[in-house]
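Trainee: The file below is query17.csv, CSV, C-alpha atoms and all ligand atoms:
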chain,number,residue,atom,x,y,z
C,1,MET,CA,-23.7,-86.7,122.1
C,2,SER,CA,-20.6,-85.9,124.2
C,3,ILE,CA,-19.6,-82.3,124.9
C,4,GLU,CA,-16.4,-83.1,122.9
C,5,SER,CA,-18.3,-84.1,119.8
C,6,ARG,CA,-20.6,-81.1,120.2
C,7,ALA,CA,-17.5,-78.9,120.3
C,8,ALA,CA,-16.0,-80.7,117.4
C,9,LYS,CA,-19.1,-80.1,115.3
C,10,LEU,CA,-19.5,-76.5,116.2
C,11,ILE,CA,-16.0,-75.0,116.5
C,12,ARG,CA,-14.2,-74.0,113.3
C,13,ASP,CA,-11.7,-76.6,112.1
C,14,ASP,CA,-8.8,-74.1,111.9
C,15,ILE,CA,-9.5,-73.0,115.5
C,16,ARG,CA,-9.6,-76.6,116.8
C,17,ALA,CA,-6.2,-77.2,115.1
C,18,LEU,CA,-4.6,-74.4,117.1
C,19,SER,CA,-2.9,-74.7,120.4
C,20,ALA,CA,-3.5,-71.9,122.8
C,21,TYR,CA,-0.6,-69.4,123.4
C,22,HIS,CA,1.5,-71.1,126.0
C,23,VAL,CA,3.0,-69.2,128.9
C,24,PRO,CA,5.4,-71.4,130.9
C,25,PRO,CA,5.2,-71.3,134.7
C,26,ALA,CA,7.8,-68.9,136.1
C,27,LYS,CA,7.2,-68.7,139.8
C,28,GLY,CA,10.4,-68.4,141.8
C,29,LEU,CA,12.5,-68.2,138.6
C,30,ILE,CA,14.7,-65.3,137.3
C,31,LYS,CA,12.4,-64.4,134.4
C,32,LEU,CA,14.4,-63.7,131.3
C,33,ASP,CA,11.9,-65.1,128.8
C,34,ALA,CA,9.4,-62.4,127.9
C,35,MET,CA,11.2,-59.1,127.4
C,36,GLU,CA,9.8,-57.5,130.5
C,37,ASN,CA,11.5,-54.6,132.2
C,38,PRO,CA,12.9,-56.3,135.4
C,39,TYR,CA,12.9,-53.1,137.5
C,40,VAL,CA,10.1,-52.0,139.8
C,41,TRP,CA,9.2,-48.6,141.1
C,42,SER,CA,10.6,-47.0,144.3
C,43,ASP,CA,8.4,-47.3,147.4
C,44,GLU,CA,7.7,-43.5,147.2
C,45,LEU,CA,6.5,-43.8,143.6
C,46,ARG,CA,4.3,-46.8,144.5
C,47,LYS,CA,2.8,-44.9,147.3
C,48,GLN,CA,1.9,-41.9,145.0
C,49,TRP,CA,0.4,-44.3,142.4
C,50,LEU,CA,-1.8,-46.0,145.0
C,51,GLU,CA,-2.9,-42.6,146.3
C,52,GLN,CA,-4.0,-41.7,142.8
C,53,LEU,CA,-5.9,-44.9,142.4
C,54,ASN,CA,-7.5,-44.5,145.7
C,55,GLN,CA,-9.5,-41.5,144.5
C,56,TYR,CA,-11.3,-43.6,141.9
C,57,SER,CA,-14.4,-45.9,142.3
C,58,VAL,CA,-15.0,-48.9,140.0
C,59,ASN,CA,-18.8,-48.4,139.5
C,60,ARG,CA,-18.4,-46.2,136.5
C,61,TYR,CA,-17.4,-47.2,133.0
C,62,PRO,CA,-13.9,-46.0,131.8
C,63,ASP,CA,-13.4,-42.9,129.6
C,64,ALA,CA,-14.3,-44.6,126.3
C,65,ASN,CA,-11.8,-42.4,124.4
C,66,ALA,CA,-9.0,-42.6,127.1
C,67,GLN,CA,-8.3,-39.0,126.1
C,68,THR,CA,-5.8,-38.2,128.9
C,69,VAL,CA,-3.8,-41.3,128.1
C,70,LYS,CA,-3.6,-40.2,124.5
C,71,ASP,CA,-2.6,-36.7,125.3
C,72,LYS,CA,0.2,-38.0,127.6
C,73,LEU,CA,1.4,-40.5,124.9
C,74,ARG,CA,1.4,-37.7,122.3
C,75,ASP,CA,3.5,-35.7,124.7
C,76,VAL,CA,6.2,-38.3,125.7
C,77,MET,CA,6.5,-39.9,122.2
C,78,HIS,CA,6.3,-36.6,120.3
C,79,ILE,CA,3.4,-37.7,118.1
C,80,SER,CA,2.4,-35.0,115.6
C,81,LYS,CA,-1.1,-33.4,115.8
C,82,GLU,CA,-1.8,-34.5,112.2
C,83,HIS,CA,-1.8,-38.1,113.2
C,84,ASP,CA,-4.4,-40.0,115.2
C,85,ILE,CA,-3.8,-42.5,118.0
C,86,LEU,CA,-5.8,-45.7,118.5
C,87,LEU,CA,-5.4,-47.6,121.8
C,88,GLY,CA,-5.5,-51.4,122.2
C,89,ASN,CA,-5.4,-53.8,125.1
C,90,GLY,CA,-1.8,-54.4,124.3
C,91,SER,CA,-0.6,-54.2,120.7
C,92,ASP,CA,-1.9,-57.8,120.3
C,93,GLU,CA,-5.4,-56.3,120.3
C,94,ILE,CA,-4.4,-53.8,117.7
C,95,ILE,CA,-3.1,-56.5,115.4
C,96,GLN,CA,-6.4,-58.2,115.8
C,97,LEU,CA,-8.3,-55.0,115.0
C,98,LEU,CA,-6.2,-54.4,111.9
C,99,ALA,CA,-6.8,-58.0,110.7
C,100,MET,CA,-10.6,-57.8,111.3
C,101,ALA,CA,-10.7,-54.6,109.3
C,102,VAL,CA,-9.2,-56.1,106.2
C,103,ALA,CA,-10.2,-59.8,106.4
C,104,LYS,CA,-12.0,-60.4,103.1
C,105,PRO,CA,-12.1,-63.9,101.7
C,106,GLY,CA,-8.7,-64.8,100.5
C,107,SER,CA,-6.9,-61.8,102.0
C,108,VAL,CA,-3.4,-62.2,103.1
C,109,ILE,CA,-1.1,-61.1,106.0
C,110,LEU,CA,2.6,-61.2,105.1
C,111,ALA,CA,5.6,-60.9,107.4
C,112,PRO,CA,9.3,-61.7,107.2
C,113,GLU,CA,10.1,-64.8,109.3
C,114,PRO,CA,11.0,-65.6,112.0
C,115,CYS,CA,9.0,-62.8,113.6
C,116,PHE,CA,6.4,-62.1,116.3
C,117,VAL,CA,4.1,-65.2,116.5
C,118,MET,CA,0.9,-63.3,117.0
C,119,TYR,CA,0.9,-62.1,113.3
C,120,ARG,CA,0.3,-65.7,112.2
C,121,MET,CA,-2.0,-66.6,115.0
C,122,ILE,CA,-4.3,-63.6,114.5
C,123,ALA,CA,-4.3,-64.3,110.7
C,124,THR,CA,-5.8,-67.7,111.6
C,125,TYR,CA,-8.3,-66.2,114.1
C,126,THR,CA,-9.7,-63.9,111.5
C,127,GLY,CA,-9.7,-66.5,108.6
C,128,MET,CA,-6.9,-64.7,106.7
C,129,ARG,CA,-4.1,-66.4,104.9
C,130,TYR,CA,-0.6,-66.0,106.4
C,131,VAL,CA,2.5,-65.8,104.3
C,132,GLY,CA,5.9,-65.8,106.1
C,133,VAL,CA,8.9,-65.0,103.9
C,134,PRO,CA,12.1,-66.3,105.4
C,135,LEU,CA,14.8,-63.9,106.3
C,136,SER,CA,18.3,-64.2,104.8
C,137,ALA,CA,21.0,-66.1,106.7
C,138,GLN,CA,22.2,-62.7,108.0
C,139,LEU,CA,18.6,-62.3,109.5
C,140,ASP,CA,17.9,-59.3,107.2
C,141,ILE,CA,14.9,-59.1,104.8
C,142,ASP,CA,15.3,-61.2,101.7
C,143,ILE,CA,14.1,-58.5,99.4
C,144,ASP,CA,13.8,-60.5,96.2
C,145,ALA,CA,11.7,-63.2,97.9
C,146,THR,CA,9.6,-60.6,99.6
C,147,LEU,CA,9.0,-58.5,96.5
C,148,SER,CA,7.9,-61.6,94.6
C,149,ALA,CA,5.6,-62.7,97.4
C,150,ILE,CA,4.0,-59.3,97.5
C,151,LYS,CA,3.5,-59.5,93.7
C,152,LYS,CA,2.0,-63.0,94.1
C,153,TYR,CA,-0.2,-62.5,97.1
C,154,ASN,CA,-1.0,-58.8,97.2
C,155,PRO,CA,-1.1,-58.8,101.0
C,156,ALA,CA,-3.6,-56.6,102.7
C,157,LEU,CA,-1.3,-56.2,105.7
C,158,ILE,CA,2.4,-56.5,106.0
C,159,PHE,CA,3.9,-56.6,109.5
C,160,ILE,CA,7.5,-55.5,110.0
C,161,ALA,CA,8.9,-55.4,113.5
C,162,GLN,CA,11.7,-52.9,113.7
C,163,PRO,CA,13.7,-54.1,115.6
C,164,ASN,CA,12.5,-57.6,115.0
C,165,ASN,CA,11.5,-60.2,117.6
C,166,PRO,CA,13.0,-62.8,118.1
C,167,THR,CA,16.2,-61.7,116.2
C,168,GLY,CA,16.7,-58.3,117.9
C,169,ASN,CA,18.1,-56.6,114.8
C,170,LEU,CA,16.9,-53.7,112.7
C,171,PHE,CA,16.2,-54.5,109.0
C,172,SER,CA,17.8,-52.5,106.2
C,173,ILE,CA,15.9,-49.3,105.7
C,174,GLU,CA,16.2,-49.4,101.9
C,175,LYS,CA,14.5,-52.8,101.9
C,176,ILE,CA,11.6,-51.6,104.0
C,177,GLU,CA,11.2,-48.6,101.7
C,178,LYS,CA,11.0,-50.9,98.6
C,179,ILE,CA,8.4,-53.0,100.3
C,180,ILE,CA,6.3,-50.0,101.1
C,181,ALA,CA,6.7,-48.6,97.6
C,182,VAL,CA,5.4,-51.8,95.9
C,183,SER,CA,2.6,-52.6,98.4
C,184,SER,CA,-1.0,-51.6,97.8
C,185,GLY,CA,-1.8,-52.9,101.3
C,186,LEU,CA,-1.1,-51.4,104.6
C,187,VAL,CA,2.4,-51.7,106.1
C,188,VAL,CA,2.5,-51.9,109.9
C,189,LEU,CA,5.9,-51.0,111.4
C,190,ASP,CA,5.9,-52.6,114.8
C,191,GLU,CA,8.1,-50.6,117.1
C,192,ALA,CA,7.5,-52.7,120.3
C,193,TYR,CA,11.2,-52.2,121.1
C,194,THR,CA,11.4,-48.4,120.4
C,195,ALA,CA,12.8,-47.7,123.9
C,196,PHE,CA,15.9,-49.7,123.2
C,197,THR,CA,17.0,-48.3,119.9
C,198,ASP,CA,17.7,-44.9,118.4
C,199,ALA,CA,15.8,-45.8,115.3
C,200,ASP,CA,12.5,-44.0,115.0
C,201,PHE,CA,10.0,-44.6,112.2
C,202,LEU,CA,7.3,-42.2,113.4
C,203,PRO,CA,8.1,-39.7,110.7
C,204,TRP,CA,7.3,-42.4,108.1
C,205,VAL,CA,3.6,-42.0,108.8
C,206,SER,CA,3.9,-38.6,107.1
C,207,ARG,CA,6.3,-39.9,104.4
C,208,PHE,CA,4.1,-42.8,103.1
C,209,GLU,CA,0.4,-43.1,102.7
C,210,ASN,CA,0.3,-46.8,103.5
C,211,VAL,CA,2.3,-46.9,106.7
C,212,VAL,CA,1.1,-47.0,110.3
C,213,ILE,CA,3.2,-47.3,113.4
C,214,MET,CA,2.4,-49.7,116.3
C,215,ARG,CA,4.0,-49.3,119.7
C,216,THR,CA,3.4,-50.8,123.2
C,217,LEU,CA,4.2,-49.9,126.8
C,218,SER,CA,4.8,-53.6,127.6
C,219,LYS,CA,8.5,-53.7,127.0
C,220,VAL,CA,9.3,-50.4,128.7
C,221,GLY,CA,8.0,-51.5,132.1
C,222,LEU,CA,4.2,-51.6,132.0
C,223,ALA,CA,3.5,-55.1,130.7
C,224,GLY,CA,0.9,-55.7,133.3
C,225,LEU,CA,-1.2,-52.8,132.3
C,226,ARG,CA,-1.8,-53.9,128.7
C,227,LEU,CA,-1.5,-50.8,126.5
C,228,GLY,CA,-0.6,-50.6,122.9
C,229,LEU,CA,-1.0,-47.8,120.4
C,230,LEU,CA,-1.4,-47.3,116.7
C,231,VAL,CA,-0.3,-44.0,115.1
C,232,GLY,CA,-1.5,-43.1,111.7
C,233,ALA,CA,-3.5,-40.9,109.3
C,234,PRO,CA,-7.1,-40.3,110.4
C,235,ALA,CA,-8.3,-41.9,107.2
C,236,TRP,CA,-6.9,-45.2,108.3
C,237,LEU,CA,-7.5,-45.0,112.1
C,238,ASN,CA,-11.1,-43.8,111.8
C,239,GLU,CA,-12.0,-47.1,110.1
C,240,ILE,CA,-10.1,-49.2,112.6
C,241,GLU,CA,-11.7,-47.3,115.5
C,242,LYS,CA,-15.1,-48.7,114.4
C,243,LEU,CA,-14.0,-52.2,115.4
C,244,ARG,CA,-12.6,-51.2,118.8
C,245,LEU,CA,-14.8,-52.3,121.7
C,246,PRO,CA,-15.9,-49.2,123.5
C,247,TYR,CA,-14.2,-49.8,126.8
C,248,ASN,CA,-11.2,-51.8,125.8
C,249,ILE,CA,-8.8,-49.8,128.0
C,250,ASN,CA,-10.0,-50.2,131.6
C,251,THR,CA,-9.9,-47.4,134.2
C,252,LEU,CA,-7.2,-48.9,136.3
C,253,THR,CA,-5.0,-49.1,133.2
C,254,GLN,CA,-5.9,-45.5,132.2
C,255,LEU,CA,-5.1,-44.1,135.6
C,256,SER,CA,-1.9,-46.1,136.0
C,257,VAL,CA,-0.6,-45.3,132.5
C,258,GLU,CA,-1.3,-41.6,133.1
C,259,PHE,CA,0.6,-41.8,136.4
C,260,SER,CA,3.5,-43.7,134.9
C,261,LEU,CA,3.8,-41.4,131.9
C,262,THR,CA,4.1,-38.5,134.3
C,263,HIS,CA,7.1,-40.3,135.5
C,264,TYR,CA,8.4,-41.4,132.1
C,265,ASP,CA,11.9,-40.3,133.1
C,266,VAL,CA,12.0,-43.2,135.6
C,267,LEU,CA,11.1,-45.7,132.9
C,268,MET,CA,13.7,-44.1,130.5
C,269,SER,CA,16.5,-44.3,133.1
C,270,GLN,CA,15.6,-48.0,133.6
C,271,THR,CA,15.8,-48.7,129.8
C,272,LYS,CA,19.1,-46.8,129.7
C,273,ILE,CA,20.6,-49.3,132.2
C,274,ILE,CA,19.1,-52.2,130.2
C,275,ARG,CA,20.7,-50.9,127.0
C,276,GLU,CA,24.1,-50.7,128.8
C,277,ASP,CA,23.7,-54.2,130.3
C,278,ARG,CA,22.7,-55.6,126.9
C,279,GLN,CA,26.1,-54.6,125.6
C,280,SER,CA,27.8,-56.1,128.6
C,281,LEU,CA,25.9,-59.4,128.2
C,282,TYR,CA,26.7,-59.4,124.5
C,283,ASP,CA,30.4,-58.9,125.2
C,284,HIS,CA,30.4,-61.7,127.7
C,285,LEU,CA,28.6,-64.1,125.2
C,286,LYS,CA,31.2,-63.2,122.6
C,287,THR,CA,33.9,-64.6,124.9
C,288,ILE,CA,32.3,-68.0,124.9
C,289,SER,CA,33.7,-69.5,121.7
C,290,SER,CA,31.0,-72.1,121.2
C,291,VAL,CA,28.2,-69.5,121.3
C,292,THR,CA,27.2,-67.2,118.4
C,293,VAL,CA,25.4,-64.0,119.5
C,294,TRP,CA,23.8,-61.4,117.2
C,295,PRO,CA,23.9,-57.6,117.9
C,296,SER,CA,20.6,-56.4,119.2
C,297,GLU,CA,18.6,-53.2,119.2
C,298,ALA,CA,16.1,-54.6,121.6
C,299,ASN,CA,16.0,-55.7,125.3
C,300,PHE,CA,17.1,-59.3,124.5
C,301,LEU,CA,19.8,-61.2,122.7
C,302,LEU,CA,19.5,-64.0,120.2
C,303,ALA,CA,22.2,-66.6,121.0
C,304,LYS,CA,23.0,-69.8,119.1
C,305,MET,CA,24.2,-72.7,121.3
C,306,PRO,CA,26.5,-75.5,120.2
C,307,ASP,CA,24.8,-78.1,118.0
C,308,GLU,CA,21.6,-79.8,119.4
C,309,GLN,CA,22.2,-78.3,122.9
C,310,ALA,CA,19.7,-75.5,123.1
C,311,LYS,CA,16.9,-77.5,124.7
C,312,ASN,CA,19.2,-79.0,127.2
C,313,ILE,CA,20.8,-75.7,128.1
C,314,HIS,CA,17.4,-74.2,128.5
C,315,THR,CA,16.4,-76.9,130.9
C,316,ARG,CA,19.7,-76.7,132.9
C,317,LEU,CA,19.4,-73.0,133.2
C,318,ARG,CA,15.9,-73.5,134.7
C,319,ASP,CA,16.6,-76.5,136.9
C,320,GLU,CA,20.1,-75.8,138.1
C,321,PHE,CA,20.2,-72.0,138.1
C,322,ASN,CA,16.6,-70.9,138.4
C,323,ILE,CA,16.7,-68.9,135.2
C,324,LEU,CA,13.9,-69.0,132.7
C,325,VAL,CA,14.9,-68.1,129.1
C,326,LYS,CA,13.1,-68.8,125.8
C,327,CYS,CA,14.1,-71.8,123.8
C,328,LEU,CA,13.5,-71.1,120.1
C,329,ASP,CA,15.0,-74.3,118.7
C,330,GLY,CA,12.4,-76.0,116.6
C,331,SER,CA,10.3,-72.9,116.0
C,332,HIS,CA,11.9,-71.9,112.7
C,333,PRO,CA,14.9,-73.3,110.7
C,334,LEU,CA,16.8,-70.0,111.1
C,335,LEU,CA,16.5,-70.4,114.9
C,336,LYS,CA,17.9,-73.9,115.2
C,337,ASP,CA,19.9,-74.2,118.4
C,338,CYS,CA,18.9,-70.7,119.5
C,339,LEU,CA,17.9,-69.2,122.8
C,340,ARG,CA,16.4,-65.8,123.4
C,341,LEU,CA,17.8,-64.1,126.5
C,342,THR,CA,15.9,-61.1,127.9
C,343,VAL,CA,18.2,-58.6,129.5
C,344,GLY,CA,17.4,-58.6,133.2
C,345,THR,CA,18.6,-56.5,136.2
C,346,SER,CA,22.4,-56.1,136.4
C,347,THR,CA,22.4,-58.7,139.1
C,348,GLU,CA,20.3,-61.2,137.1
C,349,ASN,CA,22.5,-60.7,134.1
C,350,GLU,CA,25.6,-61.6,136.2
C,351,THR,CA,23.9,-64.8,137.4
C,352,LEU,CA,23.1,-65.6,133.8
C,353,LYS,CA,26.6,-65.0,132.6
C,354,LYS,CA,28.0,-67.3,135.3
C,355,ALA,CA,25.5,-70.0,134.6
C,356,LEU,CA,26.2,-70.0,130.8
C,357,SER,CA,29.9,-70.0,131.4
C,358,SER,CA,29.6,-72.9,133.8
C,359,ILE,CA,27.4,-74.9,131.5
C,360,LEU,CA,29.4,-74.2,128.4
C,361,SER,CA,33.0,-74.4,129.8
V,401,LIG,C1,5.9,-58.1,122.6
V,401,LIG,C2,5.6,-57.7,121.3
V,401,LIG,C3,4.3,-57.1,120.9
V,401,LIG,C4,3.1,-57.2,121.8
V,401,LIG,O1,3.1,-56.5,122.9
V,401,LIG,P1,1.8,-56.3,123.8
V,401,LIG,O2,2.2,-56.7,125.1
V,401,LIG,O3,0.6,-57.0,123.2
V,401,LIG,O4,1.6,-54.8,123.6
V,401,LIG,C5,4.1,-56.7,119.6
V,401,LIG,N1,5.1,-56.8,118.7
V,401,LIG,C6,6.3,-57.4,119.0
V,401,LIG,C7,7.3,-57.5,117.9
V,401,LIG,C8,6.6,-57.8,120.3
V,401,LIG,O5,7.7,-58.4,120.5
Can you turn what I pasted into structure tokens?
Ligand SMILES: *Cc1c(COP(=O)(O)O)cnc(C)c1O
Mentor:
Amino acid sequence: MSIESRAAKLIRDDIRALSAYHVPPAKGLIKLDAMENPYVWSDELRKQWLEQLNQYSVNRYPDANAQTVKDKLRDVMHISKEHDILLGNGSDEIIQLLAMAVAKPGSVILAPEPCFVMYRMIATYTGMRYVGVPLSAQLDIDIDATLSAIKKYNPALIFIAQPNNPTGNLFSIEKIEKIIAVSSGLVVLDEAYTAFTDADFLPWVSRFENVVIMRTLSKVGLAGLRLGLLVGAPAWLNEIEKLRLPYNINTLTQLSVEFSLTHYDVLMSQTKIIREDRQSLYDHLKTISSVTVWPSEANFLLAKMPDEQAKNIHTRLRDEFNILVKCLDGSHPLLKDCLRLTVGTSTENETLKKALSSILS
């Protein structure tokens, strides 16, 4: 028997049908594809960080509870004492923990679509059924379709990214309230982009019994450290905690996050620049008549290119201008001809503006 046929016999069919999450090569390119914060720390800050790390030895296991990290997060994000915090190796891991906790035969994850792709992928990993309800043409929640899907499938988990990826907008609050009111499952409000919007749904954890809030430090400038958090009532989080692997947050991450949260003001001043530059990039795209751009509350813009040109423009940006963006054409009917442009440094954004004007003129 070949190894291939052994694998084919042993591995679940639904897993064999998947393709692994694809990360395109980005070496040497201006990286505007993955919603990273483009700014780095000053030399002085780097030096202080490395001095802190230097006091640590790797022979010991991490603090299993990551208590100092939690205390710091509570502090900078103003998380109330009544609510618990659960930490994940990125919020991706938290999505996985939530799914594992509710995955009974036939149980369903529901999300408005297009949305963050990991909701669907993790539903598959955990043997859950995934139901995506298309957004309206205005990219808001289609409330009638969503309410009838909830009635039909009784989802155990509903993920709502607020603001949403890859559309960048906030959904109507009244619609989310309706969804929460009719759901017997848990509604996860995914605030991955909280640093780029004034909207804040943390108080909803107190308002509704079936809401938890998920956040991440990835988009604010710490993508390399992998730290996500779930905030919710102890009655929910105590159960999810049981599935968390004991040392999922390694010591280098814990120490580095503690250090960076002590300098949270630096990250916040970087996100402030990104928010200003988002407006400037939006204004520029508005001046290109063949492009449609949507207002965004995140650190990226969704932009629709002229008919059938998104793939070509994506390639030209990369090959002629060294700029990597995300091509969404083909991933969902509502994203036809669309590119997703992460806001970079002010200099990178100027390069992107010139490149798009040159290609589209
Ligand atoms: C990026 C993103 C995440 C995941 O971030 P992690 O890096 O795994 O913490 C979660 N939700 C949305 C909507 C995102 O865009």
Trainee: Pick out the residues no farther than 9 Å from ligand LIG 401 (chain V), counting only C-alpha atoms and all ligand atoms, and list them as JSON, numbers by chain.
Mentor: {"C": [34, 35, 36, 88, 89, 90, 91, 92, 93, 94, 95, 115, 116, 117, 118, 119, 160, 161, 162, 163, 164, 165, 166, 190, 191, 192, 193, 214, 215, 216, 217, 218, 219, 222, 223, 224, 225, 226, 227, 228, 229]}
Trainee: Would you please work out which residue, of C:Ser184, C:Ser290, C:Ser260, C:Asn169, is nearest to Ala310 in chain C when using only C-alpha atoms?
Mentor: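 Closest to Ala310 in chain C, using only C-alpha atoms: C:Ser290.
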Trainee: Could you work out how far CA of Asn312 in chain C lies from CA of Ala26 in chain C, giving the answer in Å with one decimal?
Mentor: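 CA of Ala26 in chain C sits 17.6 Å away from CA of Asn312 in chain C.
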Trainee: Between C:Lys272, C:His314, C:Lys81, C:Lys178, which residue has the minimum interatomic distance to Ala233 in chain C, considering only C-alpha atoms?
Mentor: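 Smallest separation from Ala233 in chain C among the options: C:Lys81.
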Trainee: Hey, which of C:Leu334, C:Ser136, C:Thr253, C:Gly185 ends up closest to Asn154 in chain C? Count only C-alpha atoms.
Mentor: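 Looking at the shortest contact to Asn154 in chain C, the residue is C:Gly185.
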